[in-house]
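Notes for the one structure printed next.
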Amino acid sequence: MNTLRDILSQGAQMSLVLGLAPLLTGFVRKVKARLLRRRGPPLLQPYRDLIRLMRKDVVLADNASWLFRVIPYLMFAGTWVAASLVPTFGNGLLFSWTADLIAIIALLGSARFFQALAGMDVGTAFGGIGSSREVMIASLAEPAMLITVFSVAMIAGSTQLSYVAEFMGSDAVGLRVSLGMAFVALTIVALAENARIPVDNPATHLELTMVHEAMVLEYSGRHLALIDLSSQLKLLLYVSLIACVFLPWGTATADASVARLFSGALLYFGKLTVLGFLLAVFETSIAKMRVFRIPEFLGAALMLALLATLLRFVSGSL
Amino acid sequence: MSSLQFDIAHLFAGSLVLASFMMLYQDRLYALLNVYALHAGVLALSVAWQAYVQQAPHLYVTALIALVFKAIIIPVALHRIIKRLGIHREIENVIGVGLTMMAGIGLVALSMVVMLRVTPGADALAREDLAFALSVVLLGLLIMVTRRNAVSQVVGFMSLENGLVLAATGAKGMPLVVEISVAFSVLIAFIVIGIFLFRIRERFDSVDVQALDRFRGERR
């Protein structure tokens, strides 16, 4: 009975993230457009885009290798598995006993590695630029992310995400300055990883500024649909990660009743709406950075994460 | 002492260290001054919280001194000095931000290791305050070392002094006379430095202290 329940809960959350990811992207785009006094595309536009791309034929470059064709599936699978490890409306996920936060980072890292390979596969100049920039950003963002995870894990006493979320929701947390710093660091990393505005512009096709778009320029048809869907999943993953670690209120526990699960789901939608709105406001109020200023921006995240770990070390050893 | 009291003290002291890092990061003079004012404001909050925890009313006076002198009067005076020196648009960069930050993190780690090792007998609040105070002092020294502009060196000196005040309030039973005299000696040092700034500018047409190196005959 319990196993069945766990499988159901895990399955529900896995399909929920997949179904919700395009909606979140559509919502952020809509709010951004409204803030710029445009009407913007309808909320369901990302779904329509995905369906349209799925129906279209794939155009492959003559010199594309087998890797180029396999990589969209690899990326999508890695990102989806990572996203299904993050608790959304209920804790006690079945998969969380097989993989922790560090495994999530590793999954995302390997997805990005394959994406960078695909960018260089065809041998066009744009793909090369995009890959090299992406790897530069990743090499700065990943240490910051890891150290943020360490500081959170030091506070919660585990890297198991379900356990962390449950601990953060309890009274045992207290008032922790380290958590505030870790929150800012994780937000900066999330902006960089999802190719959001101060680091990269998700809507641009201007040669000099694009990073993510340059890498996937050669893709078309269902491959492009999968890549788009996996980047939307990644955005949802980071937003739910921030929500479950730093805004843990109302998340249903492992053995909650159906009513609690329902209220947890409602609250989760509320959190997504608020965080997506904040992301859109932040993106419209800031200008994109020069590529050479990105190390400073991400360096601030690394520094904050290190400082959070040190401060936690002091209060933990007293 | 309850754990919430300790957590709040930890929050303020940690924010003070964070503000020191923000000063290390700023390369524009006005922004540096604003962060310094924030630094002093956080110090005042931290001292006031210590006064509440330790039931020591004279610490409220120290907090008030920190707020009025360091968060308001000194930044405003430095703003005026910068304007009169005509250097309010200058951007300085001596060594890379990343390297400085790493050095800063190293200093914070060092001061925590040292302070937690040498004070095993004291109570938790004092130990933690001393560890953070030492790191604020070391970061102030780092700000002074990495800057070439005399005004930002003054700001680094002032932030170092904030660290001293934090250490003094963490230790119980520091008499008020000592604190007031420290505060005023810093004020006087500030006035003397202010006069020197104008003397340096008159002589070398710049407040870049590299000009002084040449004058001493160190750099050929």
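Ordering of the structure tokens sets the chain letters (A, B, ...); residue numbers start at 1 within each chain; ligands are numbered from 1 in the order shown.
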
Which residues of chain B come within 7 Å of chain A, and what is each one's closest atom pair and distance in Å (one decimal), counting only C-alpha atoms, sorted by chain and residue number, as JSON lines?
{"residue": "B:Leu4", "atom": "CA", "partner": "A:Gly174", "partner_atom": "CA", "distance": 6.9}
{"residue": "B:Asp7", "atom": "CA", "partner": "A:Leu175", "partner_atom": "CA", "distance": 5.7}
{"residue": "B:Ile8", "atom": "CA", "partner": "A:Leu175", "partner_atom": "CA", "distance": 7.0}
{"residue": "B:Leu11", "atom": "CA", "partner": "A:Val177", "partner_atom": "CA", "distance": 5.0}
{"residue": "B:Gly14", "atom": "CA", "partner": "A:Val177", "partner_atom": "CA", "distance": 6.8}
{"residue": "B:Gly98", "atom": "CA", "partner": "A:Gly299", "partner_atom": "CA", "distance": 6.8}
{"residue": "B:Ala109", "atom": "CA", "partner": "A:Leu310", "partner_atom": "CA", "distance": 6.8}
{"residue": "B:Ala124", "atom": "CA", "partner": "A:Leu318", "partner_atom": "CA", "distance": 5.8}
{"residue": "B:Glu128", "atom": "CA", "partner": "A:Val314", "partner_atom": "CA", "distance": 6.9}

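Within 6 Å of segment 111-124 of chain A, once only C-alpha atoms are used and residues closer than 4 positions along the same chain are dropped, the contacting residues are Ala64, Phe68, Met75, Gly78, Gly128, Ser131 and Met215 of chain A.
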
Serialized selection, C-alpha atoms, as a tab-separated table (two decimals), in the first residue's frame:
chain	number	residue	atom	x	y	z
A	64	ALA	CA	26.11	16.22	-38.27
A	68	PHE	CA	23.98	15.51	-32.70
A	75	MET	CA	19.40	16.43	-22.36
A	78	GLY	CA	18.69	14.21	-17.65
A	128	GLY	CA	31.37	27.30	-31.04
A	131	SER	CA	29.43	26.52	-26.33
A	215	MET	CA	24.31	26.68	-29.18

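In this model, the gap between atom CA of Ala126 of chain B and atom CA of Met144 of chain B comes to 26.8 Å.
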
Q: For Ala211 of chain B, please output as an NGL selection string all residues within 10 Å (counting only C-alpha atoms; exclusion window: fewer than 6 positions along the same chain).
A: :B and (148 or 200 or 203-205 or 219)

Got a sec: who's within 8 Å of Leu166 of chain B, counting only C-alpha atoms, leaving out chain neighbours fewer than 4 positions off, as a compact mmCIF listing (two decimals) with N, CA, C and O atoms, in the first residue's frame?
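Saved file part_5.txt follows:
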# COMPACT_ATOMS: atom_id res chain seq x y z
N LEU B 43 26.35 48.05 12.58
CA LEU B 43 27.10 48.02 13.85
C LEU B 43 26.22 48.54 14.98
O LEU B 43 26.16 47.95 16.07
N SER B 46 23.74 46.02 15.96
CA SER B 46 24.37 44.91 16.67
C SER B 46 24.68 45.30 18.12
O SER B 46 24.41 44.53 19.05
N VAL B 47 25.21 46.53 18.30
CA VAL B 47 25.54 46.98 19.66
C VAL B 47 24.28 47.14 20.49
O VAL B 47 24.23 46.75 21.67
N ASP B 129 31.23 36.95 18.71
CA ASP B 129 31.48 38.36 18.43
C ASP B 129 32.95 38.63 18.18
O ASP B 129 33.31 39.38 17.29
N LEU B 130 33.80 37.98 18.98
CA LEU B 130 35.24 38.20 18.81
C LEU B 130 35.70 37.68 17.45
O LEU B 130 36.48 38.34 16.77
N ALA B 133 34.52 40.10 14.91
CA ALA B 133 35.20 41.38 15.04
C ALA B 133 36.60 41.29 14.44
O ALA B 133 37.02 42.19 13.71
N ASN B 162 35.18 50.02 13.34
CA ASN B 162 33.88 49.41 13.66
C ASN B 162 34.06 48.01 14.21
O ASN B 162 33.35 47.60 15.14
N GLY B 170 31.20 43.00 22.70
CA GLY B 170 31.01 41.58 22.96
C GLY B 170 31.54 41.18 24.32
O GLY B 170 30.97 40.33 25.00

Self-check item: Residue among A:Thr273, A:Ile197, A:Leu94, A:Met154 lying closest to Ser285 of chain A, counting only C-alpha atoms
Solution: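 Closest candidate: A:Ile197.
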
- Nearest to Asp27 of chain B by atom-to-atom distance, counting only C-alpha atoms, from B:Val118, B:Ile65, B:Val108, B:Ile143: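 Checking each candidate against Asp27 of chain B, we get B:Ile143 as the closest.
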
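The interatomic distance for the pair atom CA of His223 of chain A and atom CA of Val70 of chain A works out to 9.0 Å.
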